[in-house]
>>> print(open('model34.tsv').read())   # TSV, C-alpha atoms
chain	number	residue	atom	x	y	z
A	3	MET	CA	-72.14	-69.39	-56.13
A	4	VAL	CA	-70.37	-66.41	-54.58
A	5	GLU	CA	-73.67	-64.83	-53.47
A	6	TRP	CA	-74.57	-68.12	-51.81
A	7	LEU	CA	-71.28	-68.30	-49.99
A	8	THR	CA	-71.70	-64.72	-48.79
A	9	ILE	CA	-75.15	-65.52	-47.45
A	10	ILE	CA	-73.78	-68.59	-45.70
A	11	SER	CA	-71.02	-66.49	-44.10
A	12	ILE	CA	-73.59	-64.03	-42.77
A	13	TRP	CA	-75.96	-66.69	-41.40
A	14	LEU	CA	-73.33	-69.04	-40.08
A	15	VAL	CA	-72.35	-67.24	-36.88
A	16	PRO	CA	-75.84	-66.42	-35.50
A	17	ILE	CA	-77.11	-69.90	-36.39
A	18	THR	CA	-74.09	-71.56	-34.76
A	19	ILE	CA	-74.59	-69.55	-31.57
A	20	MET	CA	-78.29	-70.41	-31.53
A	21	MET	CA	-77.60	-74.12	-31.98
A	22	ILE	CA	-74.94	-74.19	-29.25
A	23	LEU	CA	-77.20	-72.44	-26.75
A	24	LEU	CA	-80.19	-74.58	-27.68
A	25	ILE	CA	-78.28	-77.82	-27.18
A	26	ALA	CA	-76.82	-76.45	-23.94
A	27	ILE	CA	-80.33	-75.79	-22.56
A	28	ILE	CA	-81.55	-79.22	-23.62
A	29	LYS	CA	-78.55	-80.84	-21.91
A	30	LYS	CA	-79.11	-78.66	-18.82
A	31	VAL	CA	-75.72	-76.97	-19.01
A	32	PRO	CA	-75.64	-73.76	-16.88
A	33	ALA	CA	-74.99	-71.80	-20.06
A	34	TYR	CA	-74.47	-68.33	-18.66
A	35	GLU	CA	-72.13	-69.41	-15.86
A	36	VAL	CA	-70.07	-71.55	-18.24
A	37	PHE	CA	-69.95	-68.72	-20.77
A	38	VAL	CA	-68.59	-66.28	-18.17
A	39	GLU	CA	-66.04	-68.82	-17.01
A	40	GLY	CA	-64.81	-69.30	-20.59
A	41	GLY	CA	-64.84	-65.55	-21.14
A	42	LYS	CA	-62.47	-65.07	-18.22
A	43	GLU	CA	-60.11	-67.49	-19.89
A	44	GLY	CA	-60.40	-65.50	-23.13
A	45	LEU	CA	-59.50	-62.35	-21.24
A	46	LYS	CA	-56.42	-64.02	-19.79
A	47	MET	CA	-55.36	-65.11	-23.28
A	48	SER	CA	-55.61	-61.62	-24.70
A	49	ILE	CA	-53.58	-60.15	-21.84
A	50	SER	CA	-50.83	-62.71	-22.30
A	51	LEU	CA	-50.85	-61.90	-26.02
A	52	LEU	CA	-50.09	-58.21	-25.61
A	53	PRO	CA	-46.32	-58.38	-24.99
A	54	PHE	CA	-45.79	-60.76	-27.92
A	55	LEU	CA	-47.75	-58.63	-30.37
A	56	LEU	CA	-46.31	-55.38	-29.08
A	57	GLY	CA	-42.74	-56.61	-29.45
A	58	MET	CA	-43.34	-57.85	-32.97
A	59	LEU	CA	-45.25	-54.79	-34.16
A	60	VAL	CA	-42.63	-52.39	-32.80
A	61	ALA	CA	-39.81	-54.28	-34.55
A	62	ILE	CA	-41.73	-54.24	-37.83
A	63	ALA	CA	-42.52	-50.53	-37.36
A	64	ILE	CA	-38.81	-49.73	-36.90
A	65	LEU	CA	-37.87	-51.72	-39.99
A	66	ARG	CA	-40.51	-50.01	-42.12
A	67	SER	CA	-40.16	-46.45	-40.91
A	68	SER	CA	-36.36	-46.43	-41.24
A	69	GLY	CA	-36.73	-47.17	-44.93
A	70	ALA	CA	-34.75	-50.40	-44.62
A	71	LEU	CA	-37.63	-52.55	-45.81
A	72	ASP	CA	-38.20	-50.33	-48.86
A	73	ALA	CA	-34.48	-50.42	-49.63
A	74	PHE	CA	-34.56	-54.22	-49.45
A	75	ILE	CA	-37.54	-54.32	-51.83
A	76	THR	CA	-35.85	-51.93	-54.31
A	77	PHE	CA	-32.73	-54.09	-54.14
A	78	LEU	CA	-34.70	-57.29	-54.86
A	79	GLN	CA	-36.89	-55.93	-57.65
A	80	PRO	CA	-34.37	-56.19	-60.54
A	81	VAL	CA	-33.41	-59.70	-59.42
A	82	LEU	CA	-37.05	-60.77	-59.37
A	83	SER	CA	-37.94	-59.22	-62.72
A	84	LYS	CA	-35.02	-61.13	-64.27
A	85	VAL	CA	-36.70	-64.42	-63.38
A	86	GLY	CA	-39.97	-63.18	-64.90
A	87	PHE	CA	-41.57	-61.99	-61.70
A	88	PRO	CA	-43.49	-58.71	-62.23
A	89	ALA	CA	-41.49	-56.01	-60.42
A	90	GLU	CA	-44.58	-53.99	-59.48
A	91	ILE	CA	-45.86	-56.86	-57.37
A	92	ALA	CA	-42.58	-57.47	-55.49
A	93	PRO	CA	-43.41	-55.15	-52.53
A	94	LEU	CA	-46.63	-57.07	-51.91
A	95	ALA	CA	-44.89	-60.45	-52.15
A	96	ILE	CA	-42.28	-59.40	-49.59
A	97	LEU	CA	-44.65	-57.63	-47.19
A	98	ARG	CA	-47.44	-60.25	-47.23
A	99	PRO	CA	-45.88	-62.65	-44.65
A	100	ILE	CA	-44.57	-59.82	-42.44
A	101	SER	CA	-47.35	-57.30	-42.01
A	102	GLY	CA	-51.07	-57.73	-42.76
A	103	THR	CA	-51.91	-54.02	-42.73
A	104	ALA	CA	-48.92	-53.08	-44.89
A	105	ALA	CA	-49.78	-55.79	-47.43
A	106	LEU	CA	-53.40	-54.67	-47.55
A	107	SER	CA	-52.42	-51.08	-48.24
A	108	VAL	CA	-50.03	-52.19	-50.99
A	109	THR	CA	-52.81	-54.30	-52.55
A	110	SER	CA	-55.18	-51.31	-52.50
A	111	GLU	CA	-52.47	-49.14	-54.01
A	112	ILE	CA	-51.80	-51.60	-56.87
A	113	ILE	CA	-55.52	-51.97	-57.57
A	114	LYS	CA	-55.93	-48.18	-57.51
A	115	ILE	CA	-53.00	-47.47	-59.85
A	116	TYR	CA	-53.36	-50.30	-62.38
A	117	GLY	CA	-57.10	-50.92	-62.09
A	118	PRO	CA	-58.82	-53.94	-60.49
A	119	ASP	CA	-59.33	-55.70	-63.82
A	120	SER	CA	-55.75	-55.38	-65.06
A	121	PHE	CA	-53.29	-58.27	-64.85
A	122	LEU	CA	-51.52	-56.67	-61.89
A	123	GLY	CA	-54.81	-55.87	-60.16
A	124	ARG	CA	-55.96	-59.46	-60.45
A	125	LEU	CA	-52.59	-60.77	-59.39
A	126	ALA	CA	-52.48	-58.55	-56.29
A	127	SER	CA	-56.04	-59.60	-55.41
A	128	THR	CA	-55.21	-63.29	-55.71
A	129	MET	CA	-51.97	-62.97	-53.77
A	130	GLN	CA	-53.64	-61.02	-50.98
A	131	GLY	CA	-56.46	-63.56	-50.69
A	132	SER	CA	-54.51	-66.78	-50.98
A	133	THR	CA	-51.86	-66.34	-48.27
A	134	ASP	CA	-51.94	-65.03	-44.72
A	135	THR	CA	-49.62	-63.04	-42.47
A	136	THR	CA	-47.34	-65.82	-41.23
A	137	LEU	CA	-45.50	-63.73	-38.67
A	138	TYR	CA	-48.75	-62.52	-37.10
A	139	ILE	CA	-50.27	-65.99	-36.93
A	140	LEU	CA	-47.15	-67.45	-35.32
A	141	THR	CA	-46.96	-64.56	-32.83
A	142	VAL	CA	-50.60	-64.81	-31.82
A	143	TYR	CA	-50.95	-68.59	-31.66
A	144	PHE	CA	-47.64	-69.36	-30.03
A	145	GLY	CA	-47.81	-66.29	-27.81
A	146	ALA	CA	-51.27	-67.01	-26.43
A	147	VAL	CA	-50.39	-70.50	-25.23
A	148	GLY	CA	-46.76	-69.82	-24.29
A	149	ILE	CA	-44.77	-71.84	-26.81
A	150	LYS	CA	-41.18	-70.62	-26.69
A	151	LYS	CA	-39.48	-72.97	-29.13
A	152	MET	CA	-41.17	-72.65	-32.50
A	153	GLY	CA	-39.25	-75.45	-34.18
A	154	ASP	CA	-39.68	-75.53	-37.95
A	155	ALA	CA	-42.90	-73.49	-37.83
A	156	LEU	CA	-41.41	-70.25	-39.16
A	157	LYS	CA	-39.42	-72.04	-41.84
A	158	VAL	CA	-42.38	-74.06	-43.12
A	159	GLY	CA	-44.64	-71.00	-42.92
A	160	LEU	CA	-42.28	-68.91	-45.04
A	161	ILE	CA	-41.75	-71.72	-47.55
A	162	ALA	CA	-45.56	-71.94	-47.84
A	163	ASP	CA	-45.75	-68.19	-48.45
A	164	PHE	CA	-43.11	-68.43	-51.15
A	165	ILE	CA	-45.01	-71.26	-52.86
A	166	GLY	CA	-48.25	-69.26	-52.54
A	167	ILE	CA	-46.73	-66.22	-54.22
A	168	MET	CA	-45.27	-68.22	-57.10
A	169	VAL	CA	-48.48	-70.21	-57.56
A	170	SER	CA	-50.53	-66.97	-57.63
A	171	VAL	CA	-48.39	-65.60	-60.47
A	172	MET	CA	-48.71	-68.84	-62.43
A	173	ILE	CA	-52.45	-69.22	-61.94
A	174	VAL	CA	-53.32	-65.60	-62.75
A	175	THR	CA	-51.11	-65.75	-65.87
A	176	TRP	CA	-52.76	-68.99	-66.93
A	177	LEU	CA	-56.37	-67.94	-66.17
A	178	PHE	CA	-56.41	-64.34	-67.34
A	179	LEU	CA	-53.75	-63.88	-70.02
B	15	MET	CA	-34.19	-68.35	-34.05
B	16	ILE	CA	-37.09	-65.99	-33.34
B	17	ASN	CA	-34.95	-64.15	-30.78
B	18	ILE	CA	-32.34	-63.34	-33.39
B	19	ILE	CA	-34.86	-62.45	-36.10
B	20	TRP	CA	-36.70	-60.12	-33.76
B	21	ALA	CA	-33.59	-58.35	-32.50
B	22	MET	CA	-32.14	-58.09	-36.01
B	23	MET	CA	-35.29	-56.45	-37.39
B	24	ALA	CA	-34.95	-53.64	-34.84
B	25	ILE	CA	-31.14	-53.38	-35.10
B	26	ILE	CA	-31.09	-53.29	-38.91
B	27	GLY	CA	-33.84	-50.68	-38.89
B	28	ILE	CA	-32.03	-48.42	-36.42
B	29	VAL	CA	-28.64	-48.74	-38.13
B	30	TYR	CA	-30.24	-48.05	-41.51
B	31	ALA	CA	-31.97	-44.98	-40.05
B	32	MET	CA	-28.57	-43.59	-38.95
B	33	PHE	CA	-27.38	-43.42	-42.55
B	34	ASN	CA	-30.73	-42.74	-44.17
B	35	GLY	CA	-31.60	-39.78	-41.93
B	36	THR	CA	-34.89	-41.31	-40.83
B	37	MET	CA	-34.23	-41.44	-37.09
B	38	GLU	CA	-37.14	-39.10	-36.42
B	39	GLN	CA	-39.57	-41.42	-38.23
B	40	VAL	CA	-38.17	-44.38	-36.30
B	41	ASN	CA	-38.78	-42.55	-33.05
B	42	GLU	CA	-42.37	-41.90	-34.02
B	43	ALA	CA	-42.88	-45.45	-35.28
B	44	LEU	CA	-41.64	-46.94	-32.00
B	45	PHE	CA	-44.55	-45.57	-30.06
B	46	LYS	CA	-47.04	-45.82	-32.86
B	47	GLY	CA	-46.19	-49.51	-33.19
B	48	ALA	CA	-46.67	-50.03	-29.47
B	49	ASN	CA	-49.96	-48.15	-29.62
B	50	ASP	CA	-51.15	-50.21	-32.58
B	51	ALA	CA	-50.45	-53.39	-30.62
B	52	VAL	CA	-52.59	-52.23	-27.70
B	53	THR	CA	-55.43	-51.25	-30.06
B	54	LEU	CA	-55.16	-54.61	-31.79
B	55	VAL	CA	-55.25	-56.52	-28.51
B	56	ILE	CA	-58.28	-54.57	-27.33
B	57	SER	CA	-60.18	-55.46	-30.48
B	58	LEU	CA	-59.01	-59.06	-30.09
B	59	THR	CA	-60.15	-59.10	-26.46
B	60	SER	CA	-63.83	-58.68	-27.32
B	61	VAL	CA	-63.62	-61.49	-29.84
B	62	LEU	CA	-61.64	-63.78	-27.53
B	63	VAL	CA	-63.91	-63.29	-24.50
B	64	PHE	CA	-67.00	-63.88	-26.60
B	65	TRP	CA	-65.86	-66.91	-28.58
B	66	VAL	CA	-63.94	-68.68	-25.86
B	67	GLY	CA	-67.07	-68.25	-23.70
B	68	ILE	CA	-69.39	-69.64	-26.37
B	69	MET	CA	-67.04	-72.49	-27.18
B	70	ARG	CA	-66.83	-73.37	-23.49
B	71	VAL	CA	-70.61	-73.74	-23.52
B	72	ALA	CA	-70.30	-75.91	-26.64
B	73	GLU	CA	-67.69	-78.03	-24.89
B	74	HIS	CA	-69.88	-78.56	-21.82
B	75	ALA	CA	-72.85	-79.44	-24.02
B	76	GLY	CA	-70.78	-82.16	-25.70
B	77	ILE	CA	-70.92	-80.50	-29.10
B	78	LEU	CA	-67.16	-80.26	-29.46
B	79	ARG	CA	-66.76	-83.95	-28.83
B	80	GLY	CA	-69.34	-84.62	-31.53
B	81	PHE	CA	-67.42	-82.33	-33.84
B	82	ALA	CA	-64.23	-84.20	-33.12
B	83	LYS	CA	-65.91	-87.50	-33.95
B	84	VAL	CA	-67.26	-86.23	-37.28
B	85	SER	CA	-63.95	-84.76	-38.37
B	86	ARG	CA	-61.86	-87.71	-37.24
B	87	PRO	CA	-61.36	-89.46	-40.60
B	88	VAL	CA	-59.81	-86.33	-42.17
B	89	VAL	CA	-58.21	-84.67	-39.16
B	90	ARG	CA	-56.63	-87.91	-37.95
B	91	ARG	CA	-54.68	-88.21	-41.17
B	92	LEU	CA	-53.34	-84.65	-40.86
B	93	PHE	CA	-52.68	-84.93	-37.14
B	94	PRO	CA	-51.75	-88.55	-36.44
B	95	GLU	CA	-50.45	-87.71	-32.96
B	96	LEU	CA	-53.73	-86.48	-31.52
B	97	PRO	CA	-55.64	-89.05	-29.43
B	98	ALA	CA	-59.03	-90.11	-30.81
B	99	ASP	CA	-61.96	-87.82	-29.91
B	100	HIS	CA	-59.69	-85.33	-28.18
B	101	PRO	CA	-61.29	-81.85	-27.90
B	102	ALA	CA	-58.30	-80.45	-29.83
B	103	MET	CA	-59.75	-82.05	-32.97
B	104	GLY	CA	-63.06	-80.29	-32.41
B	105	TYR	CA	-61.35	-76.94	-32.10
B	106	ILE	CA	-59.20	-77.61	-35.17
B	107	LEU	CA	-62.28	-78.34	-37.23
B	108	ALA	CA	-64.04	-75.24	-35.84
B	109	ASN	CA	-61.02	-73.12	-36.75
B	110	PHE	CA	-60.84	-74.54	-40.29
B	111	SER	CA	-64.54	-74.01	-40.93
B	112	ALA	CA	-64.41	-70.43	-39.62
B	113	ASN	CA	-61.44	-69.72	-41.89
B	114	LEU	CA	-63.16	-71.33	-44.85
B	115	PHE	CA	-66.10	-68.95	-44.56
B	116	GLY	CA	-63.90	-65.92	-44.01
B	117	LEU	CA	-64.82	-65.50	-40.34
B	118	GLY	CA	-61.35	-64.47	-39.25
B	119	ASN	CA	-62.81	-63.09	-36.02
B	120	ALA	CA	-64.06	-66.44	-34.87
B	121	ALA	CA	-61.19	-68.42	-36.34
B	122	THR	CA	-58.51	-66.90	-34.10
B	123	PRO	CA	-60.04	-67.81	-30.71
B	124	MET	CA	-60.77	-71.34	-31.90
B	125	GLY	CA	-57.25	-71.65	-33.24
B	126	ILE	CA	-55.81	-70.51	-29.91
B	127	LYS	CA	-58.00	-73.03	-28.08
B	128	ALA	CA	-56.82	-75.75	-30.47
B	129	MET	CA	-53.22	-74.80	-29.69
B	130	GLU	CA	-53.94	-74.88	-25.98
B	131	GLU	CA	-55.44	-78.36	-26.20
B	132	MET	CA	-52.44	-79.53	-28.22
B	133	LYS	CA	-50.15	-78.06	-25.60
B	134	LYS	CA	-51.96	-80.09	-22.93
B	135	ILE	CA	-51.06	-83.20	-24.94
B	136	SER	CA	-47.41	-82.33	-25.54
B	137	GLN	CA	-46.79	-80.81	-22.09
B	138	SER	CA	-43.84	-78.76	-23.29
B	139	ASP	CA	-42.99	-75.23	-24.41
B	140	ARG	CA	-41.64	-76.60	-27.69
B	141	ALA	CA	-43.93	-76.58	-30.74
B	142	SER	CA	-45.18	-80.12	-31.41
B	143	ASN	CA	-45.57	-81.63	-34.87
B	144	SER	CA	-49.33	-81.20	-34.71
B	145	MET	CA	-48.99	-77.54	-33.80
B	146	ILE	CA	-46.69	-76.87	-36.74
B	147	THR	CA	-49.01	-78.65	-39.17
B	148	PHE	CA	-51.95	-76.70	-37.77
B	149	LEU	CA	-50.20	-73.34	-38.12
B	150	VAL	CA	-48.92	-74.09	-41.60
B	151	ILE	CA	-52.45	-74.80	-42.79
B	152	ASN	CA	-53.55	-71.54	-41.17
B	153	THR	CA	-50.79	-69.45	-42.75
B	154	SER	CA	-51.58	-70.73	-46.22
B	155	SER	CA	-55.02	-69.22	-45.61
B	156	ILE	CA	-57.86	-71.56	-46.44
B	157	THR	CA	-60.67	-69.29	-47.58
B	158	LEU	CA	-63.59	-69.59	-49.97
B	159	VAL	CA	-64.54	-65.92	-50.27
B	160	PRO	CA	-61.80	-63.30	-49.83
B	161	THR	CA	-64.25	-60.64	-48.64
B	162	THR	CA	-61.71	-57.86	-47.97
B	163	VAL	CA	-60.18	-58.14	-51.42
B	164	ILE	CA	-63.62	-58.17	-53.08
B	165	ALA	CA	-64.54	-55.01	-51.12
B	166	ILE	CA	-61.38	-53.22	-52.34
B	167	ARG	CA	-62.06	-54.27	-55.92
B	168	MET	CA	-65.62	-52.93	-55.69
B	169	GLU	CA	-64.32	-49.65	-54.33
B	170	TYR	CA	-62.21	-49.16	-57.45
B	171	GLN	CA	-65.09	-49.96	-59.83
B	172	SER	CA	-64.11	-53.42	-60.97
B	173	VAL	CA	-66.45	-54.76	-63.66
B	174	ALA	CA	-66.22	-58.20	-62.04
B	175	PRO	CA	-65.13	-57.86	-58.37
B	176	THR	CA	-65.63	-61.56	-57.69
B	177	GLU	CA	-63.77	-62.93	-60.71
B	178	ILE	CA	-60.68	-63.49	-58.56
B	179	VAL	CA	-62.52	-65.99	-56.32
B	180	ALA	CA	-61.66	-68.91	-58.61
B	181	SER	CA	-57.99	-67.98	-58.90
B	182	THR	CA	-57.78	-67.41	-55.14
B	183	ILE	CA	-59.35	-70.76	-54.26
B	184	LEU	CA	-57.09	-72.54	-56.75
B	185	ALA	CA	-53.97	-70.78	-55.42
B	186	THR	CA	-54.97	-71.48	-51.81
B	187	LEU	CA	-55.61	-75.13	-52.56
B	188	ILE	CA	-52.26	-75.70	-54.27
B	189	THR	CA	-50.41	-73.75	-51.58
B	190	THR	CA	-52.05	-75.64	-48.73
B	191	VAL	CA	-51.28	-79.02	-50.28
B	192	ALA	CA	-47.68	-77.94	-50.97
B	193	ALA	CA	-47.30	-76.60	-47.43
B	194	ILE	CA	-48.58	-79.84	-45.89
B	195	THR	CA	-46.16	-81.78	-48.08
B	196	VAL	CA	-43.19	-79.63	-47.03
B	197	ASP	CA	-44.26	-79.99	-43.41
B	198	ARG	CA	-44.43	-83.77	-43.78
B	199	LEU	CA	-40.95	-83.95	-45.29
B	200	LEU	CA	-39.47	-81.80	-42.54
B	201	ARG	CA	-41.32	-83.77	-39.91
B	202	LYS	CA	-39.77	-86.98	-41.14
B	203	ARG	CA	-36.33	-85.43	-40.98
B	204	ARG	CA	-37.07	-84.01	-37.53
B	205	ASP	CA	-38.26	-87.35	-36.21
B	206	SER	CA	-35.28	-89.23	-37.64
B	207	LEU	CA	-32.95	-86.87	-35.80
B	208	LEU	CA	-34.52	-87.69	-32.44
>>> encode(input="model34.tsv", output="structure tokens")
Amino acid sequence: MVEWLTIISIWLVPITIMMILLIAIIKKVPAYEVFVEGGKEGLKMSISLLPFLLGMLVAIAILRSSGALDAFITFLQPVLSKVGFPAEIAPLAILRPISGTAALSVTSEIIKIYGPDSFLGRLASTMQGSTDTTLYILTVYFGAVGIKKMGDALKVGLIADFIGIMVSVMIVTWLFL
Amino acid sequence: MINIIWAMMAIIGIVYAMFNGTMEQVNEALFKGANDAVTLVISLTSVLVFWVGIMRVAEHAGILRGFAKVSRPVVRRLFPELPADHPAMGYILANFSANLFGLGNAATPMGIKAMEEMKKISQSDRASNSMITFLVINTSSITLVPTTVIAIRMEYQSVAPTEIVASTILATLITTVAAITVDRLLRKRRDSLL
């Protein structure tokens, strides 16, 4: 099953590109000219993204390097372990919505220390895979098209992350313990 | 809200550094963070130019419209505000399928295009209901094979690197459904306020 899905992921992109270009030729679309025109638009998007991403990444970098984020995590850990949440996993749960690279390094660290087939290793793997970096997604998607008022997006995104983290703990406990 | 959150992240960090004696690290991180952003945007640029170009070809060839038609029964229920056969639906479906197969590279440009099409409909700089629903589904990460995690597990000699696929899919599924539900509830409240 997993091997099949991996093969599909590898084939999917080249096949999709081939199909698009084939249909374009059949329908007599000036493929190269249209591609370049779209590419210019892509370039514009990435330039307009830069200030949004830069602002967000710098703020996160300040928060992390000052030690404030770590202090916050240390402060929360005893509270979380009281409600039955494994304290070792708390840093990952808190970092996951904020910073993709930080979360990934915490996941690697947990897997390295406790082993990939331990309860914590499996839990970190599941948590890493089942949620995404909300702050990054909002920054990129809203930034690229110039949405200034995000409405409930951040709130709903963070609620979803919270649910994802709790559900991961429950599912891994139920499946592997 | 984002203005306050953003400013507070920096302010809290700097104030904390004053007492924690980490001002030097903060100084370094300032410019490292800025540098990281530029590196990230450069790597995003190649992907954006390529995929937006290819998808433009797909749009001209009428493939996107076909996509929109196929996905209508499902997508229409999630995004009731989008007009029938609008290209936004095609891009939304393309983004979801790319995410599903772990093609994060391709998913981002299609997601941005979907947002752009939705912005054309709403004609405002305020996030529309459809945009919020779309982003919430994206942040709860719909993926079938978490390739990065499997790679890390292999690196540390897991006896079964892929055993977490089932738990991940299950967690993703529950989270996505819960997120859509929360979004629906908030949307109702939002609409009743207007």
>>> residues_near_point(input="model34.tsv", point="(-47.4, -67.7, -46.1)", cutoff="10 Å", atoms="all atoms listed in the file", output="NGL selection string")
(:A and (95 or 98-100 or 132-137 or 139 or 156 or 158-167)) or (:B and (150-155 or 189-190 or 193))
>>> residues_around(input="model34.tsv", residues="Val31 in chain A", least_positions_apart="5", cutoff="8 Å", atoms="only C-alpha atoms", output="number ranges by chain")
A: 26, 36; B: 71, 74-75
>>> write_last_selection(input="model34.tsv", atoms="C-alpha atoms", output="PDB file, in the frame of the given file")
ATOM      1  CA  ALA A  26     -76.820 -76.450 -23.940  1.00  0.00           C
ATOM      2  CA  VAL A  36     -70.070 -71.550 -18.240  1.00  0.00           C
TER       3      VAL A  36
ATOM      4  CA  VAL B  71     -70.610 -73.740 -23.520  1.00  0.00           C
ATOM      5  CA  HIS B  74     -69.880 -78.560 -21.820  1.00  0.00           C
ATOM      6  CA  ALA B  75     -72.850 -79.440 -24.020  1.00  0.00           C
TER       7      ALA B  75
END
>>> residues_around(input="model34.tsv", residues="Ile49 in chain A", least_positions_apart="6", cutoff="12 Å", atoms="only C-alpha atoms", output="list in words")
Lys42, Glu43, Leu55, Leu56, Val142, Gly145, Ala146 and Val147 of chain A; Ala51, Val52, Leu54, Val55, Ile56, Ser57, Leu58, Thr59, Ser60, Leu62 and Val63 of chain B
>>> write_last_selection(input="model34.tsv", atoms="C-alpha atoms", output="PDB file, keeping the file's coordinate frame")
ATOM      1  CA  LYS A  42     -62.470 -65.070 -18.220  1.00  0.00           C
ATOM      2  CA  GLU A  43     -60.110 -67.490 -19.890  1.00  0.00           C
ATOM      3  CA  LEU A  55     -47.750 -58.630 -30.370  1.00  0.00           C
ATOM      4  CA  LEU A  56     -46.310 -55.380 -29.080  1.00  0.00           C
ATOM      5  CA  VAL A 142     -50.600 -64.810 -31.820  1.00  0.00           C
ATOM      6  CA  GLY A 145     -47.810 -66.290 -27.810  1.00  0.00           C
ATOM      7  CA  ALA A 146     -51.270 -67.010 -26.430  1.00  0.00           C
ATOM      8  CA  VAL A 147     -50.390 -70.500 -25.230  1.00  0.00           C
TER       9      VAL A 147
ATOM     10  CA  ALA B  51     -50.450 -53.390 -30.620  1.00  0.00           C
ATOM     11  CA  VAL B  52     -52.590 -52.230 -27.700  1.00  0.00           C
ATOM     12  CA  LEU B  54     -55.160 -54.610 -31.790  1.00  0.00           C
ATOM     13  CA  VAL B  55     -55.250 -56.520 -28.510  1.00  0.00           C
ATOM     14  CA  ILE B  56     -58.280 -54.570 -27.330  1.00  0.00           C
ATOM     15  CA  SER B  57     -60.180 -55.460 -30.480  1.00  0.00           C
ATOM     16  CA  LEU B  58     -59.010 -59.060 -30.090  1.00  0.00           C
ATOM     17  CA  THR B  59     -60.150 -59.100 -26.460  1.00  0.00           C
ATOM     18  CA  SER B  60     -63.830 -58.680 -27.320  1.00  0.00           C
ATOM     19  CA  LEU B  62     -61.640 -63.780 -27.530  1.00  0.00           C
ATOM     20  CA  VAL B  63     -63.910 -63.290 -24.500  1.00  0.00           C
TER      21      VAL B  63
END
>>> residues_near_point(input="model34.tsv", point="(-52.9, -78.1, -30.1)", cutoff="9 Å", atoms="only C-alpha atoms", output="PyMOL selection string")
chain B and resi 96+102-103+105-106+125-136+142+144-145+148
>>> residues_around(input="model34.tsv", residues="Met21 in chain A", least_positions_apart="4", cutoff="12 Å", atoms="only C-alpha atoms", output="ChimeraX atom specification")
/A:14-17,25-28 /B:68-69,71-72,75,77
>>> atom_distance(input="model34.tsv", atom1="CA of Arg167 in chain B", atom2="CA of Pro118 in chain A")
5.6 Å
>>> residues_around(input="model34.tsv", residues="Asn34 in chain B", least_positions_apart="5", cutoff="9 Å", atoms="only C-alpha atoms", output="list of chain:residue names")
A:Ser68, A:Gly69, A:Ala70, B:Val29
>>> atom_distance(input="model34.tsv", atom1="CA of Arg124 in chain A", atom2="CA of Val174 in chain A")
7.1 Å
>>> atom_distance(input="model34.tsv", atom1="CA of Leu78 in chain B", atom2="CA of Thr141 in chain A")
25.8 Å
>>> closest_residue(input="model34.tsv", among="B:Ala108, B:Ala185, B:Ser206, B:Leu200", to="Val66 in chain B", atoms="only C-alpha atoms")
B:Ala108
>>> residues_around(input="model34.tsv", residues="range 60-63 of chain A", least_positions_apart="3", cutoff="9 Å", atoms="all atoms listed in the file", output="list in words")
Leu55, Leu56, Gly57, Arg66, Ser67, Ser68, Ile100 and Ser101 of chain A; Trp20, Ala21, Met22, Met23, Ala24, Ile25, Gly27, Val40, Ala43, Leu44, Phe45, Lys46, Gly47, Ala48, Asp50 and Ala51 of chain B
>>> closest_residue(input="model34.tsv", among="A:Val171, A:Leu65, A:Leu179, A:Leu23", to="Pro88 in chain A", atoms="only C-alpha atoms")
A:Val171
>>> axis_aligned_box(input="model34.tsv", around="range 91-107 of chain A", padding_each_side="3 Å", output="JSON")
{"center_x": -47.8, "center_y": -56.9, "center_z": -49.7, "size_x": 17.1, "size_y": 17.6, "size_z": 21.4}
>>> closest_residue(input="model34.tsv", among="B:Val84, B:Ala98, B:Leu199, B:Leu92", to="chain A", atoms="only C-alpha atoms")
B:Leu199
>>> closest_residue(input="model34.tsv", among="B:Ile19, B:Val88, B:Val191, B:Ile178", to="chain A", atoms="all atoms listed in the file")
B:Ile178
>>> closest_residue(input="model34.tsv", among="B:Thr182, B:Asn119, B:Thr195, B:Thr161", to="chain A", atoms="only C-alpha atoms")
B:Thr182
>>> closest_residue(input="model34.tsv", among="A:Glu5, A:Pro53, A:Leu82, A:Leu125", to="Asn49 in chain B", atoms="all atoms listed in the file")
A:Pro53
